[in-house]
Amino acid sequence: MKRITLFLFFMLAIQLLQAQTALKIISYNVYNYFESEAARKARFVTWAKAQQADVIAYQELLNITAGELKSLGEAIGHPYTALAKEKGYSVGISSKYPITEVKRVIEGMHHGFMTAKIEDLNFVVVHLSPFKHEKRREEVALISDSLQRWAISKKILIMGDMNSLSASDSMSYNRHDRLTPMLKSDSSSNLSNAINGKLDYEVPAYLIQKGFIDTWSMKTKGFNFSYPTLVFGPVPDASKERIDYIFISSDLQKNATKPIIVKDAMTDQLSDHYPISILLVPPHS
């Protein structure tokens with residue numbers, strides 16, 4: 001009995017330690033930097049403070065300066081920030097902890113991507129082309145090639161709006177009542193995920209082939225969508241897509257838990273994308 005009690009105590013201690021040291025990580029497409037609306041930015045600050053995230057990766061930081069991102073970070077308790085570029089649509093990151101080894105790639109990318117090291121983790125913030133699937137395939141290959149060239153092979157998180165569908169959601173998309181309107185919508189829009197009458201799943205498949213894990217797949221099976229929100233009104237089934245991701249390298253699989261698409265009264269209206277989050281315990285070096 002004493003041995004069982006000691007074992008249970010030991011397991012509880014480990015769980016408590018993990019809970020204390022896990023980083024809460026969020027990725028969020030912030031819709032043209034909240035349409036530059038002061039009231040919407042203020043609501044985001046309120047929301048972000050309540051989330052108490054350790055790291056937030058941003059997409060669609062439209063025409064924002066490094067100073068503006070720093071001010072935003074300070075407002076939510078993140079004194080450390082980094083931005084990919086100041087003109088056009090940019091990605092960025094804010095953190096409670098120091099950000100080092102920042103690398104930025106703009107050429108060859110529609111929006112650009114960046115890497116940064118935080119707590120010995122390699123964060124890769126991406127926003128793939130919102131247009132053709134061929135461009136997105138080129139971009140994800142460029143990201144992979146860049147990581148290889150920089151000798152970044154472990155402790156990697158690739159996160160952001162990938163504007164791409166995953167085969168793991170295909171059972172939901174391929175229902176007849178959904179597939180036909182989805183294909184019709186894709187064929188008439190700039191954002192195409194259709195090839196010869198079939199949906200394209202190549203970008204997530206490429207990352208999985210490279211050994212990365214879609215953290216959503218760690219959750220109980222079931223479809224959920226990250227786009228669109230209720231910001232433009234009710235969302236029909238054919239419009240619901242999961243195109244926002246947090247991928248991790250395989251060495252982090254045991255360290256990541258609780259993948260969530262964060263849906264609440266605030267996120268229904270702040271952006272046209274829902275934020276996604278995970279908890280991750282940084283591994284020992």
# chains A, B, ... in the order shown; residues from 1 in each chain; ligands from 1

$ select_by_dssp --residues "segment 17-154 of chain A" --states "strand (DSSP E)" --output "PyMOL selection string"
chain A and resi 23-29+55-62+80-83+89-95+100-105+113-118+121-127

$ residues_around --residues "Leu72 of chain A" --least-positions-apart "2" --cutoff "10 Å" --atoms "only C-alpha atoms" --output "ChimeraX atom specification"
/A:41-42,44-45,66-70,74-79,81,94

$ atom_distance --atom1 "atom CA of Ile260 of chain A" --atom2 "atom CA of Tyr80 of chain A"
24.3 Å

$ residues_around --residues "Met109 of chain A" --least-positions-apart "4" --cutoff "8 Å" --atoms "only C-alpha atoms" --output "list in words"
Val105, Phe113, Leu128, Ser129 and Glu139 of chain A

$ closest_residue --among "A:Thr229, A:Asn224, A:Ser144, A:Ser249" --to "Val203 of chain A" --atoms "only C-alpha atoms"
A:Ser144

$ residues_around --residues "Glu241 of chain A" --least-positions-apart "2" --cutoff "7 Å" --atoms "only C-alpha atoms" --output "list in words"
Phe225, Ser226, Tyr227, Ser239 and Ile243 of chain A

$ write_last_selection --atoms "all heavy atoms" --output "mmCIF file, in the first residue's frame"
data_model
loop_
_atom_site.group_PDB
_atom_site.id
_atom_site.type_symbol
_atom_site.label_atom_id
_atom_site.label_comp_id
_atom_site.auth_asym_id
_atom_site.auth_seq_id
_atom_site.Cartn_x
_atom_site.Cartn_y
_atom_site.Cartn_z
ATOM 1 N N PHE A 225 -13.425 23.529 -37.219
ATOM 2 C CA PHE A 225 -12.930 24.481 -38.210
ATOM 3 C C PHE A 225 -12.294 25.684 -37.540
ATOM 4 O O PHE A 225 -12.690 26.097 -36.448
ATOM 5 C CB PHE A 225 -14.065 24.926 -39.153
ATOM 6 C CG PHE A 225 -15.182 25.701 -38.477
ATOM 7 C CD1 PHE A 225 -15.233 27.083 -38.543
ATOM 8 C CD2 PHE A 225 -16.188 25.032 -37.788
ATOM 9 C CE1 PHE A 225 -16.258 27.799 -37.938
ATOM 10 C CE2 PHE A 225 -17.225 25.736 -37.179
ATOM 11 C CZ PHE A 225 -17.260 27.123 -37.252
ATOM 12 N N SER A 226 -11.275 26.241 -38.214
ATOM 13 C CA SER A 226 -10.605 27.440 -37.716
ATOM 14 C C SER A 226 -10.988 28.675 -38.523
ATOM 15 O O SER A 226 -10.623 29.793 -38.166
ATOM 16 C CB SER A 226 -9.080 27.256 -37.761
ATOM 17 O OG SER A 226 -8.622 27.118 -39.097
ATOM 18 N N TYR A 227 -11.694 28.447 -39.630
ATOM 19 C CA TYR A 227 -12.080 29.536 -40.531
ATOM 20 C C TYR A 227 -13.384 29.166 -41.222
ATOM 21 O O TYR A 227 -13.565 28.006 -41.603
ATOM 22 C CB TYR A 227 -10.987 29.768 -41.570
ATOM 23 C CG TYR A 227 -11.360 30.731 -42.674
ATOM 24 C CD1 TYR A 227 -11.142 32.097 -42.513
ATOM 25 C CD2 TYR A 227 -11.942 30.282 -43.849
ATOM 26 C CE1 TYR A 227 -11.492 32.986 -43.526
ATOM 27 C CE2 TYR A 227 -12.297 31.164 -44.859
ATOM 28 C CZ TYR A 227 -12.077 32.517 -44.685
ATOM 29 O OH TYR A 227 -12.435 33.407 -45.663
ATOM 30 N N SER A 239 -18.572 26.236 -45.911
ATOM 31 C CA SER A 239 -17.519 27.246 -45.746
ATOM 32 C C SER A 239 -16.562 26.917 -44.611
ATOM 33 O O SER A 239 -15.536 27.579 -44.457
ATOM 34 C CB SER A 239 -18.151 28.620 -45.490
ATOM 35 O OG SER A 239 -18.925 29.037 -46.589
ATOM 36 N N ILE A 243 -7.725 25.513 -41.633
ATOM 37 C CA ILE A 243 -6.576 25.925 -42.441
ATOM 38 C C ILE A 243 -5.467 26.545 -41.585
ATOM 39 O O ILE A 243 -4.452 26.984 -42.115
ATOM 40 C CB ILE A 243 -6.989 26.901 -43.567
ATOM 41 C CG1 ILE A 243 -7.672 28.149 -42.999
ATOM 42 C CG2 ILE A 243 -7.878 26.205 -44.583
ATOM 43 C CD1 ILE A 243 -8.023 29.181 -44.066
#

$ atom_distance --atom1 "atom CA of Pro228 of chain A" --atom2 "atom CA of Glu60 of chain A"
14.8 Å

$ residues_around --residues "Ser217 of chain A" --least-positions-apart "3" --cutoff "9 Å" --atoms "only C-alpha atoms" --output "MDAnalysis selection string"
chainID A and resid 168 213:214 220:221 259

$ write_last_selection --atoms "N, CA, C and O atoms" --output "compact mmCIF listing (two decimals), in the first residue's frame"
# COMPACT_ATOMS: atom_id res chain seq x y z
N SER A 168 -6.61 14.59 -43.02
CA SER A 168 -7.21 14.04 -41.81
C SER A 168 -8.63 14.54 -41.60
O SER A 168 -9.39 13.95 -40.82
N ILE A 213 4.36 16.68 -37.03
CA ILE A 213 3.09 16.17 -36.52
C ILE A 213 2.08 17.32 -36.42
O ILE A 213 2.38 18.38 -35.83
N ASP A 214 0.92 17.13 -37.00
CA ASP A 214 -0.18 18.08 -36.88
C ASP A 214 -0.77 17.90 -35.48
O ASP A 214 -1.36 16.87 -35.17
N THR A 220 -8.90 13.97 -29.66
CA THR A 220 -9.93 12.99 -29.99
C THR A 220 -10.44 13.26 -31.40
O THR A 220 -10.65 14.40 -31.77
N LYS A 221 -10.62 12.20 -32.16
CA LYS A 221 -11.03 12.37 -33.55
C LYS A 221 -12.31 13.19 -33.65
O LYS A 221 -13.24 13.02 -32.88
N PRO A 259 -4.36 20.50 -27.76
CA PRO A 259 -4.59 21.35 -28.94
C PRO A 259 -6.03 21.85 -28.93
O PRO A 259 -6.97 21.08 -28.76

$ residues_around --residues "Trp150 of chain A" --least-positions-apart "4" --cutoff "10 Å" --atoms "only C-alpha atoms" --output "ChimeraX atom specification"
/A:103,145-146

$ closest_residue --among "A:Ala205, A:Val55, A:Val140, A:Met218" --to "Glu119 of chain A" --atoms "only C-alpha atoms"
A:Val55

$ residues_around --residues "Asn29 of chain A" --least-positions-apart "3" --cutoff "9 Å" --atoms "only C-alpha atoms" --output "number ranges by chain"
A: 32-33, 57-61, 91, 127, 160-161, 244, 271-275

$ select_by_dssp --residues "segment 13-63 of chain A" --states "helix (DSSP H, G or I)" --output "PyMOL selection string"
chain A and resi 13-21+31-35+38-51

$ closest_residue --among "A:Ile26, A:Ile143, A:His133, A:Pro234" --to "Leu199 of chain A" --atoms "only C-alpha atoms"
A:His133

$ closest_residue --among "A:Ile56, A:Ala238, A:Met266, A:Leu121" --to "Arg175 of chain A" --atoms "only C-alpha atoms"
A:Ala238
